[in-house]
Structures are given as C-alpha cells and as structure tokens.
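The structure appears right after this line, and notes come after that.
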Amino acid sequence: QIDARWVSSYLMSWKDATVQGEELTENAGTASSDFDALPEWKWTASLGYNWQGFDADVRWRHIDEMTDFSFPDFKLDAVDYLDLSVGYSFSDALEGLRLRAGVNNLTDEDPVIYPSSQQANTDPANYDILGRRYYIAATYTLQ
C-alpha cells in the first residue's frame with residue numbers, strides 16, 4: 001500500500017494597524033518581532049509505504065521565503081525539512097507490538113535567523129530549532 005498526502009496553506013493577506021485609524025499594513029510574506037513569521041506558502045507532503053507489517057514514511061516540510069518587516073532589505077530564505085521513519089507491526093505471538101524509529105530534520109537544517117525577532121532571533125513556532133534528532137518507540141496494544 002502506498003500513501004501520499006499533501007497539506008498546504010496559502011496566506012492571502014494579513015493586515016493590521018499599530019494605531020487605530022492608521023492605514024492598514026500588509027504583513028503576509030513577512031516576519032517580525034510583533035507577529036512572528038507569516039509565510040505566504042507553507043506545506044507538508046508525505047509519501048508512505050506499507051507492506052506485511054513493515055511501513056516507511058518520508059515527510060517534506062516547507063516554509064516559504066519572507067522579508068523581515070522591520071528590515072525590508074533582509075530576506076529570510078525558504079526552508080525545507082526532511083523527516084524519515086520506519087516501523088514494524090508484529091503478528092502471531094507478538095500481535096499488538098509495534099516498533100518505530102525515525103529521524104526528524106534529516107538534513108540538519110538550521111533555523112532561519114533574522115534581526116527583528118525577540119526569541120533568539122528566530123521563530124520557534126515555524127522553524128525547527130533543535131536540529132536533527134532521532135527517536136525510537138515501542139507500543140503494545142492489548143487485543
């Protein structure tokens with residue numbers, strides 16, 4: 001069995017005014033210390049394979065390029081993260097046991113650093129600040 005998924009969002013507009021009555025300012029595609037990062041495009045795509053209890057999944061997370069709102073000449077590059085996982089669900093005597101292992105941020109991409117952010121000069125809500133990390137898991141479901 002092969003599974004493919006793609007979930008994306010496109011931010012058409014994000015306007016606000018600092019003071020009531022001021023002209024609204026467009027913030028889509030920018031990042032700032034006031035509202036963090038607002039990429040126009042953001043998506044997660046994954047491709048999975050499942051065969052006789054074995055499964056594998058590769059996931060691609062994308063964050064579009066942006067401009068620093070407070071420093072318009074500063075461009076934030078687009079970032080792509082790649083995650084990989086494999087697992088096995090046992091049958092027969094060990095039915096209910098599932099083992100899984102994986103790595104997030106396989107290519108060890110650094111978070112984008114930009115001048116106007118207050119949180120260590122990045123946005124941890126959007127960017128992966130931990131770098132590459134590995135995990136293993138075992139679960140058992142009673143039948």
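All residue names refer to the structure tokens as shown: chains lettered A, B, ... in order, residues numbered from 1 in each chain, ligands numbered from 1 in order.
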Legend entry - Contacts of region 120-130 of chain A within 8 Å, only C-alpha atoms, excl. fewer than 5 positions in-chain, as a ChimeraX atom specification: /A:36-37,63,105,109-115
Restricting the output to N, CA, C and O atoms, write the selected residues as a CSV table (one decimal), in the first residue's frame.
chain,number,residue,atom,x,y,z
A,36,ASP,N,5.7,37.4,14.7
A,36,ASP,CA,6.5,36.3,14.2
A,36,ASP,C,6.4,36.1,12.7
A,36,ASP,O,6.2,37.1,12.0
A,37,ALA,N,6.6,34.9,12.2
A,37,ALA,CA,6.7,34.7,10.8
A,37,ALA,C,5.4,34.4,10.1
A,37,ALA,O,4.6,33.6,10.7
A,63,ILE,N,8.7,25.9,4.3
A,63,ILE,CA,8.3,27.2,4.8
A,63,ILE,C,8.8,28.2,3.7
A,63,ILE,O,10.0,28.2,3.5
A,105,ASN,N,14.2,16.2,10.7
A,105,ASN,CA,15.2,17.2,10.2
A,105,ASN,C,16.5,16.4,9.8
A,105,ASN,O,17.6,16.7,10.2
A,109,GLU,N,18.9,21.1,9.1
A,109,GLU,CA,18.8,22.5,8.7
A,109,GLU,C,18.7,23.3,9.9
A,109,GLU,O,18.1,23.0,10.9
A,110,ASP,N,19.5,24.4,9.9
A,110,ASP,CA,19.4,25.4,11.0
A,110,ASP,C,18.2,26.3,10.9
A,110,ASP,O,17.7,26.5,9.8
A,111,PRO,N,17.7,26.8,12.0
A,111,PRO,CA,16.6,27.7,11.9
A,111,PRO,C,17.0,29.0,11.2
A,111,PRO,O,18.2,29.4,11.3
A,112,VAL,N,16.1,29.7,10.6
A,112,VAL,CA,16.4,31.0,9.9
A,112,VAL,C,16.6,32.0,11.1
A,112,VAL,O,15.7,32.1,11.9
A,113,ILE,N,17.7,32.8,11.0
A,113,ILE,CA,18.0,33.8,12.0
A,113,ILE,C,17.7,35.2,11.3
A,113,ILE,O,18.1,35.4,10.2
A,114,TYR,N,16.9,36.0,11.9
A,114,TYR,CA,16.6,37.3,11.4
A,114,TYR,C,16.6,38.4,12.4
A,114,TYR,O,16.4,38.1,13.6
A,115,PRO,N,16.9,39.6,12.1
A,115,PRO,CA,17.2,40.7,13.1
A,115,PRO,C,16.1,41.1,14.0
A,115,PRO,O,16.3,41.4,15.1
Using only C-alpha atoms, tabulate the residues of region 71-93 of chain A lying at most 10 Å from any atom of region 14-34 of chain A, each with its closest atom pair and that distance in Å to one decimal, by chain and increasing residue number, as JSON lines.
{"residue": "A:Phe71", "atom": "CA", "partner": "A:Ser32", "partner_atom": "CA", "distance": 9.0}
{"residue": "A:Pro72", "atom": "CA", "partner": "A:Thr30", "partner_atom": "CA", "distance": 8.8}
{"residue": "A:Lys75", "atom": "CA", "partner": "A:Thr30", "partner_atom": "CA", "distance": 9.0}
{"residue": "A:Leu76", "atom": "CA", "partner": "A:Ala31", "partner_atom": "CA", "distance": 8.3}
Just the selected residues (all heavy atoms), exported as a CSV table (one decimal), in the first residue's frame, please.
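New file result-v1.csv:
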chain,number,residue,atom,x,y,z
A,71,PHE,N,13.2,45.3,8.8
A,71,PHE,CA,14.4,45.5,8.0
A,71,PHE,C,14.1,44.9,6.6
A,71,PHE,O,14.5,43.8,6.2
A,71,PHE,CB,15.6,44.7,8.6
A,71,PHE,CG,15.9,45.2,9.9
A,71,PHE,CD1,15.4,44.6,11.1
A,71,PHE,CD2,16.8,46.2,10.2
A,71,PHE,CE1,15.7,45.0,12.3
A,71,PHE,CE2,17.2,46.6,11.4
A,71,PHE,CZ,16.6,46.0,12.5
A,72,PRO,N,13.4,45.7,5.7
A,72,PRO,CA,12.9,45.2,4.4
A,72,PRO,C,13.9,44.7,3.5
A,72,PRO,O,13.6,44.0,2.6
A,72,PRO,CB,12.2,46.4,3.9
A,72,PRO,CG,11.9,47.4,5.0
A,72,PRO,CD,12.9,47.1,6.0
A,75,LYS,N,16.2,39.4,3.7
A,75,LYS,CA,15.4,38.3,3.2
A,75,LYS,C,15.6,37.1,4.0
A,75,LYS,O,16.8,36.7,4.2
A,75,LYS,CB,15.7,38.1,1.7
A,75,LYS,CG,15.5,39.3,0.8
A,75,LYS,CD,14.1,39.7,0.7
A,75,LYS,CE,14.0,40.9,-0.3
A,75,LYS,NZ,12.8,41.7,-0.1
A,76,LEU,N,14.5,36.4,4.4
A,76,LEU,CA,14.6,35.1,5.0
A,76,LEU,C,14.4,34.1,3.9
A,76,LEU,O,13.4,34.1,3.2
A,76,LEU,CB,13.5,35.0,6.0
A,76,LEU,CG,13.6,35.8,7.3
A,76,LEU,CD1,13.3,37.2,7.1
A,76,LEU,CD2,12.6,35.2,8.3
Inset, instruction - Find the distance between CA of Gln119 (chain A) and CA of Phe35 (chain A) and write it in Å to one decimal. - result: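 Separation between CA of Gln119 (chain A) and CA of Phe35 (chain A): 11.7 Å.
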Inset, instruction - List the neighbours of Val7 (chain A) out to 7 Å using only C-alpha atoms; skip same-chain residues closer than 6 positions along the sequence, and give me the result as a ChimeraX atom specification. - result: /A:43-45
Legend entry - Residue contacts of region 136-141 of chain A (12 Å, only C-alpha atoms) excluding same-chain residues fewer than 4 positions away, as a list in words: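 My reading of the contact set: Leu84, Ser85, Val86, Gly87, Tyr88, Ser89, Phe90, Ser91, Leu94, Glu95, Gly96, Leu97, Arg98, Leu99, Arg100, Ala101, Gly102, Val103 and Asn104 of chain A.
Between CA of Gln1 (chain A) and CA of Leu142 (chain A) lies a distance of 24.9 Å.
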Inset, instruction - Taking the DSSP assignment computed from this structure's backbone, write out as a PyMOL selection string all residues of region 12-128 of chain A that belong to strand (DSSP E). - result: chain A and resi 15-16+25-26+30-32+36-38+41-51+54-63+66-68+75-76+79-89+97-104
Hey, can you spit out that residue selection with C-alpha atoms as an mmCIF file, in the first residue's frame?
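Contents of out.cif, freshly written:
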data_model
loop_
_atom_site.group_PDB
_atom_site.id
_atom_site.type_symbol
_atom_site.label_atom_id
_atom_site.label_comp_id
_atom_site.auth_asym_id
_atom_site.auth_seq_id
_atom_site.Cartn_x
_atom_site.Cartn_y
_atom_site.Cartn_z
ATOM 1 C CA LYS A 15 -3.282 43.337 7.540
ATOM 2 C CA ASP A 16 -3.123 45.331 10.746
ATOM 3 C CA THR A 25 -0.212 47.464 6.585
ATOM 4 C CA GLU A 26 0.124 44.179 4.653
ATOM 5 C CA THR A 30 6.970 38.964 6.295
ATOM 6 C CA ALA A 31 8.446 38.170 9.702
ATOM 7 C CA SER A 32 8.626 40.496 12.698
ATOM 8 C CA ASP A 36 6.489 36.266 14.224
ATOM 9 C CA ALA A 37 6.738 34.688 10.763
ATOM 10 C CA LEU A 38 3.844 34.842 8.289
ATOM 11 C CA TRP A 41 3.191 29.337 1.442
ATOM 12 C CA LYS A 42 3.647 26.564 3.946
ATOM 13 C CA TRP A 43 3.159 22.834 3.339
ATOM 14 C CA THR A 44 3.789 19.311 4.491
ATOM 15 C CA ALA A 45 3.939 16.486 1.961
ATOM 16 C CA SER A 46 4.466 12.840 2.798
ATOM 17 C CA LEU A 47 4.852 9.557 0.996
ATOM 18 C CA GLY A 48 4.368 6.292 2.841
ATOM 19 C CA TYR A 49 4.727 2.605 2.057
ATOM 20 C CA ASN A 50 3.171 -0.296 3.959
ATOM 21 C CA TRP A 51 3.764 -3.995 3.268
ATOM 22 C CA PHE A 54 6.505 -3.042 7.623
ATOM 23 C CA ASP A 55 5.988 0.652 6.940
ATOM 24 C CA ALA A 56 8.147 3.598 5.925
ATOM 25 C CA ASP A 57 7.337 7.262 5.621
ATOM 26 C CA VAL A 58 9.197 10.279 4.274
ATOM 27 C CA ARG A 59 7.868 13.770 5.043
ATOM 28 C CA TRP A 60 8.815 17.114 3.492
ATOM 29 C CA ARG A 61 8.024 20.313 5.419
ATOM 30 C CA HIS A 62 8.358 23.614 3.549
ATOM 31 C CA ILE A 63 8.277 27.235 4.773
ATOM 32 C CA MET A 66 9.905 36.042 3.662
ATOM 33 C CA THR A 67 11.082 39.587 4.265
ATOM 34 C CA ASP A 68 11.885 40.993 7.703
ATOM 35 C CA LYS A 75 15.385 38.345 3.169
ATOM 36 C CA LEU A 76 14.599 35.113 5.022
ATOM 37 C CA VAL A 79 13.437 26.337 4.454
ATOM 38 C CA ASP A 80 12.793 22.666 3.744
ATOM 39 C CA TYR A 81 12.889 19.926 6.374
ATOM 40 C CA LEU A 82 13.007 16.215 5.614
ATOM 41 C CA ASP A 83 11.814 13.584 8.108
ATOM 42 C CA LEU A 84 12.087 9.809 7.766
ATOM 43 C CA SER A 85 10.524 6.988 9.780
ATOM 44 C CA VAL A 86 10.268 3.205 9.591
ATOM 45 C CA GLY A 87 8.198 0.811 11.627
ATOM 46 C CA TYR A 88 7.078 -2.766 12.014
ATOM 47 C CA SER A 89 3.850 -4.178 13.466
ATOM 48 C CA LEU A 97 3.535 -4.876 19.420
ATOM 49 C CA ARG A 98 4.707 -2.071 17.155
ATOM 50 C CA LEU A 99 8.301 -0.798 16.863
ATOM 51 C CA ARG A 100 9.128 2.505 15.197
ATOM 52 C CA ALA A 101 12.306 4.524 14.579
ATOM 53 C CA GLY A 102 12.979 7.728 12.741
ATOM 54 C CA VAL A 103 14.865 10.934 12.295
ATOM 55 C CA ASN A 104 13.409 14.427 12.116
#
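Between CA of Glu40 (chain A) and CA of Ser117 (chain A) there is a distance of 18.1 Å.
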